[in-house]
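Structure below is work_11.txt: compact mmCIF, C-alpha atoms and all ligand atoms.
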```
# COMPACT_ATOMS: atom_id res chain seq x y z
CA MET Z 1 -34.58 40.81 -31.52
CA TYR Z 2 -31.79 42.56 -33.45
CA GLU Z 3 -29.53 40.69 -35.82
CA THR Z 4 -26.54 43.00 -35.56
CA TRP Z 5 -24.62 44.62 -32.71
CA GLU Z 6 -25.05 48.04 -34.33
CA GLU Z 7 -28.86 47.76 -34.28
CA LEU Z 8 -28.90 46.43 -30.72
CA GLU Z 9 -26.56 49.13 -29.43
CA LYS Z 10 -28.57 51.81 -31.22
CA SER Z 11 -31.79 50.52 -29.68
CA ILE Z 12 -30.49 50.97 -26.15
CA VAL Z 13 -28.90 54.42 -26.13
CA ASN Z 14 -31.96 56.26 -24.88
CA CYS Z 15 -33.46 53.36 -22.94
CA GLN Z 16 -36.16 54.40 -20.50
CA LYS Z 17 -37.70 51.00 -19.90
CA CYS Z 18 -37.21 51.22 -16.13
CA LYS Z 19 -36.63 53.77 -13.38
CA LEU Z 20 -32.85 53.21 -13.30
CA CYS Z 21 -32.61 55.49 -16.35
CA LYS Z 22 -33.37 58.45 -14.09
CA THR Z 23 -30.26 58.08 -11.95
CA ARG Z 24 -27.71 56.58 -14.34
CA GLN Z 25 -24.69 58.40 -15.74
CA ASN Z 26 -23.94 55.81 -18.40
CA ILE Z 27 -25.53 52.67 -19.77
CA VAL Z 28 -23.11 49.80 -19.18
CA PHE Z 29 -23.77 47.73 -22.27
CA GLY Z 30 -21.14 44.99 -22.03
CA VAL Z 31 -17.53 44.50 -23.01
CA GLY Z 32 -15.22 41.94 -24.54
CA ASN Z 33 -15.00 39.49 -27.38
CA LYS Z 34 -18.28 39.42 -29.28
CA ASN Z 35 -17.48 35.88 -30.43
CA ALA Z 36 -16.44 34.66 -26.99
CA THR Z 37 -16.88 31.05 -25.95
CA VAL Z 38 -17.34 32.16 -22.35
CA MET Z 39 -19.67 34.89 -21.15
CA PHE Z 40 -19.78 36.29 -17.60
CA ILE Z 41 -22.99 37.75 -16.21
CA GLY Z 42 -22.85 39.98 -13.13
CA GLU Z 43 -25.51 41.87 -11.26
CA GLY Z 44 -25.47 45.53 -12.18
CA PRO Z 45 -23.06 48.43 -12.54
CA GLY Z 46 -21.57 50.04 -9.43
CA ALA Z 47 -20.35 53.62 -9.11
CA ASP Z 48 -17.15 53.10 -11.13
CA GLU Z 49 -18.95 51.22 -13.89
CA ASP Z 50 -21.67 53.88 -14.06
CA ARG Z 51 -19.01 56.58 -14.40
CA LEU Z 52 -16.94 54.76 -17.02
CA GLY Z 53 -19.63 52.83 -18.90
CA GLU Z 54 -17.81 49.49 -18.62
CA PRO Z 55 -18.67 46.47 -16.45
CA PHE Z 56 -16.41 45.27 -13.66
CA VAL Z 57 -13.86 48.08 -13.60
CA GLY Z 58 -14.03 48.75 -9.84
CA ARG Z 59 -12.62 46.76 -6.93
CA ALA Z 60 -14.64 43.62 -7.65
CA GLY Z 61 -13.60 43.79 -11.31
CA LYS Z 62 -9.92 44.14 -10.43
CA LEU Z 63 -10.19 41.06 -8.26
CA MET Z 64 -11.92 39.20 -11.08
CA ASN Z 65 -9.11 40.20 -13.46
CA MET Z 66 -6.55 38.82 -11.00
CA ALA Z 67 -8.47 35.52 -10.85
CA PHE Z 68 -8.54 35.44 -14.66
CA GLU Z 69 -4.78 35.89 -14.74
CA ALA Z 70 -4.26 33.18 -12.15
CA ILE Z 71 -6.02 30.59 -14.30
CA GLY Z 72 -4.78 31.82 -17.67
CA LEU Z 73 -8.00 33.38 -18.92
CA LYS Z 74 -7.77 36.72 -20.71
CA ARG Z 75 -10.37 39.40 -19.96
CA GLU Z 76 -10.35 40.44 -23.61
CA ASP Z 77 -11.21 36.90 -24.72
CA VAL Z 78 -14.48 36.68 -22.77
CA TYR Z 79 -17.67 38.75 -22.93
CA ILE Z 80 -18.76 40.49 -19.72
CA VAL Z 81 -22.22 41.82 -19.05
CA ASN Z 82 -24.71 42.43 -16.22
CA ILE Z 83 -28.34 41.59 -15.49
CA VAL Z 84 -29.14 45.31 -15.51
CA LYS Z 85 -27.28 47.86 -17.59
CA CYS Z 86 -27.89 50.86 -15.36
CA ARG Z 87 -26.68 51.36 -11.80
CA PRO Z 88 -29.16 50.63 -9.02
CA PRO Z 89 -28.96 53.54 -6.54
CA ALA Z 90 -26.64 52.93 -3.58
CA ASN Z 91 -25.70 49.57 -5.14
CA ARG Z 92 -28.90 47.88 -4.04
CA ASN Z 93 -29.92 44.69 -5.82
CA PRO Z 94 -31.82 45.23 -9.07
CA GLU Z 95 -35.57 44.93 -8.50
CA ASP Z 96 -37.59 42.36 -10.44
CA ASP Z 97 -39.21 44.93 -12.75
CA GLU Z 98 -35.78 46.40 -13.58
CA ALA Z 99 -34.24 43.01 -14.33
CA PHE Z 100 -37.30 42.05 -16.40
CA ALA Z 101 -37.13 45.27 -18.42
CA CYS Z 102 -33.46 44.69 -19.20
CA LEU Z 103 -33.58 40.97 -19.91
CA ASP Z 104 -34.41 41.25 -23.62
CA TYR Z 105 -31.17 43.16 -24.24
CA LEU Z 106 -29.21 40.48 -22.43
CA ARG Z 107 -31.00 37.69 -24.33
CA ASN Z 108 -30.14 39.44 -27.58
CA GLN Z 109 -26.48 39.68 -26.50
CA VAL Z 110 -26.41 35.96 -25.68
CA ILE Z 111 -27.89 35.14 -29.10
CA LEU Z 112 -25.28 37.30 -30.86
CA VAL Z 113 -22.28 36.05 -28.85
CA LYS Z 114 -23.40 32.37 -28.94
CA PRO Z 115 -21.30 31.34 -25.92
CA LYS Z 116 -20.74 27.71 -25.04
CA ILE Z 117 -20.45 28.58 -21.35
CA ILE Z 118 -22.05 31.27 -19.20
CA VAL Z 119 -20.62 32.00 -15.76
CA LEU Z 120 -23.28 33.38 -13.44
CA LEU Z 121 -21.67 35.71 -10.92
CA GLY Z 122 -23.69 35.62 -7.73
CA SER Z 123 -27.26 35.13 -6.68
CA VAL Z 124 -28.89 37.88 -8.75
CA ALA Z 125 -27.48 36.50 -12.00
CA LEU Z 126 -28.31 32.93 -11.00
CA LYS Z 127 -31.92 33.64 -10.04
CA ASN Z 128 -32.67 35.81 -13.04
CA ILE Z 129 -31.18 33.35 -15.54
CA LEU Z 130 -31.87 29.88 -14.16
CA GLY Z 131 -34.80 30.62 -11.84
CA LYS Z 132 -35.74 31.93 -8.42
CA GLU Z 133 -35.64 28.44 -6.94
CA TYR Z 134 -31.84 28.26 -7.28
CA GLY Z 135 -29.61 29.33 -4.38
CA ILE Z 136 -26.00 30.34 -4.93
CA THR Z 137 -24.55 28.41 -1.97
CA ALA Z 138 -25.99 25.09 -3.18
CA SER Z 139 -25.52 25.76 -6.91
CA ARG Z 140 -22.03 27.19 -7.17
CA GLY Z 141 -19.41 24.91 -8.66
CA LYS Z 142 -22.03 22.77 -10.44
CA TRP Z 143 -22.85 22.63 -14.13
CA PHE Z 144 -26.36 23.29 -15.39
CA GLU Z 145 -27.38 22.94 -19.02
CA LYS Z 146 -30.18 24.78 -20.73
CA LYS Z 147 -30.82 25.03 -24.46
CA GLY Z 148 -27.30 23.90 -25.30
CA ILE Z 149 -25.55 26.42 -23.06
CA HIS Z 150 -23.55 25.25 -20.04
CA TYR Z 151 -24.00 27.42 -16.95
CA MET Z 152 -21.54 27.65 -14.06
CA PRO Z 153 -22.82 29.62 -11.07
CA THR Z 154 -20.14 30.98 -8.74
CA TRP Z 155 -19.69 33.67 -6.09
CA HIS Z 156 -19.98 37.29 -7.11
CA PRO Z 157 -16.47 38.84 -7.02
CA ALA Z 158 -17.70 41.41 -4.47
CA ALA Z 159 -18.44 38.51 -2.11
CA LEU Z 160 -14.73 37.62 -2.28
CA LEU Z 161 -13.88 41.08 -1.02
CA ARG Z 162 -16.05 40.47 2.04
CA ASP Z 163 -14.96 36.87 2.66
CA GLU Z 164 -11.48 35.84 1.56
CA THR Z 165 -12.21 32.13 1.91
CA LYS Z 166 -14.57 32.35 -1.07
CA LYS Z 167 -11.57 33.10 -3.33
CA ILE Z 168 -10.63 29.42 -3.23
CA ASP Z 169 -14.10 28.38 -4.45
CA PHE Z 170 -14.06 31.08 -7.11
CA ILE Z 171 -10.76 29.89 -8.56
CA LYS Z 172 -11.94 26.28 -8.35
CA ASP Z 173 -15.13 27.14 -10.29
CA LEU Z 174 -13.20 29.06 -12.94
CA LYS Z 175 -10.85 26.10 -13.34
CA LEU Z 176 -13.88 23.91 -14.08
CA VAL Z 177 -14.71 26.38 -16.84
CA MET Z 178 -11.17 26.18 -18.22
CA ASP Z 179 -11.33 22.37 -18.15
CA LYS Z 180 -14.60 22.37 -20.06
CA LEU Z 181 -13.07 24.62 -22.72
CA LYS Z 182 -10.51 21.91 -23.43
CA VAL Z 183 -13.12 19.24 -24.26
N1 LIG H 1 -20.75 44.30 -9.83
C1 LIG H 1 -21.48 43.80 -10.85
O1 LIG H 1 -22.33 42.93 -10.66
N2 LIG H 1 -21.25 44.28 -12.05
C2 LIG H 1 -20.35 45.21 -12.32
O2 LIG H 1 -20.21 45.58 -13.47
C3 LIG H 1 -19.59 45.71 -11.25
C4 LIG H 1 -19.81 45.25 -10.02
```
Using the file provided, produce a representation of the structure as structure tokens.
Ligand code: URA
Amino acid sequence: MYETWEELEKSIVNCQKCKLCKTRQNIVFGVGNKNATVMFIGEGPGADEDRLGEPFVGRAGKLMNMAFEAIGLKREDVYIVNIVKCRPPANRNPEDDEAFACLDYLRNQVILVKPKIIVLLGSVALKNILGKEYGITASRGKWFEKKGIHYMPTWHPAALLRDETKKIDFIKDLKLVMDKLKV
């Protein structure tokens, strides 16, 4: 566990803990306010993120930014990260060994940010953080608490691109987050 961002970032630059290192262009470390109250955890970088080294900059990210605007949340005020920091080929889901290898970095980021709330974007984030027994359809829109952190699972923004009706749920879930910030 590293106590500073500099040490943590330095420790990751040549990461070869899993096979995703062989096909990545860039490690997508995370972005945003390092003292954020709210952290968002996605799945893994896509092609745009791999190219630019920043999470959620492609179509799903643009949609997420629009949702942030709609509810008055600023992208630069939150911290955004993924379960895995390197792109899974052809955008497949991260495999268990890849997620496991990357989890210590994410844990370290959570410890450094100290968020009050973590939004879990989609099934991969939900299962890797809260446990395999959780399903996104049943869990989204509900609060879960673990070790003093409040978790809100919701749809992955890419799911909103495939099914417009999920946008309503997504906004609803983000509003619950905004409400919790006020208390
Ligand atoms: N999907 C994710 O889960 N993360 C990204 O950074 C981009 C798309």
TODO: List all protein, DNA and RNA residues that have at least one atom no more than 12 Å from any atom of ligand LIG 1 (chain H), counting all atoms listed in the file, and write them as a PyMOL selection string.
DONE: chain Z and resi 26-31+40-64+79-88+91-94+120-126+155-161
Give me the residues of stretch 22-78 of chain Z that have any atom at most 10 Å from an atom of stretch 107-114 of chain Z; for each, the nearest atom pair and the distance in Å, rounded to one decimal. Use all atoms listed in the file, sort by chain and number, and format it as JSON lines.
```
{"residue": "Z:Phe29", "atom": "CA", "partner": "Z:Gln109", "partner_atom": "CA", "distance": 9.5}
{"residue": "Z:Gly30", "atom": "CA", "partner": "Z:Gln109", "partner_atom": "CA", "distance": 8.8}
{"residue": "Z:Asn33", "atom": "CA", "partner": "Z:Val113", "partner_atom": "CA", "distance": 8.2}
{"residue": "Z:Lys34", "atom": "CA", "partner": "Z:Val113", "partner_atom": "CA", "distance": 5.2}
{"residue": "Z:Asn35", "atom": "CA", "partner": "Z:Val113", "partner_atom": "CA", "distance": 5.1}
{"residue": "Z:Ala36", "atom": "CA", "partner": "Z:Val113", "partner_atom": "CA", "distance": 6.3}
{"residue": "Z:Thr37", "atom": "CA", "partner": "Z:Lys114", "partner_atom": "CA", "distance": 7.3}
{"residue": "Z:Val38", "atom": "CA", "partner": "Z:Lys114", "partner_atom": "CA", "distance": 9.0}
{"residue": "Z:Met39", "atom": "CA", "partner": "Z:Val110", "partner_atom": "CA", "distance": 8.2}
{"residue": "Z:Val78", "atom": "CA", "partner": "Z:Val113", "partner_atom": "CA", "distance": 9.9}
```
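Taking atom CA of Z:Met66 and atom CA of Z:Asp169 as the two end points, the separation is 14.5 Å.
Across the structure, atom CA of Z:Tyr151 and atom CA of Z:Cys18 are spaced 27.2 Å apart.
Minimum atom-to-atom distances from Z:Asp96, Z:Glu164, Z:Glu145, Z:Asp173 to Z:Lys116 were compared using only C-alpha atoms, and the lowest value belongs to Z:Glu145.
Atom pair atom CA of Z:Lys175 / atom CA of Z:Lys132 has a distance of 26.0 Å (rounded to one decimal).
The closest residue to Z:Pro153, picked from Z:Cys21, Z:Leu174, Z:Ile168, Z:Leu103 and counting only C-alpha atoms, is Z:Leu174.
Among the candidates Z:Asn65, Z:Pro89, Z:Leu20, Z:Tyr105, the residue lying nearest to Z:Glu3 is Z:Tyr105 (atoms considered: only C-alpha atoms).
Each of Z:Ala70, Z:Ile136, Z:Ala90, Z:Ala99 was compared to Z:Ile171 using only C-alpha atoms, and Z:Ala70 turns out to be the nearest.
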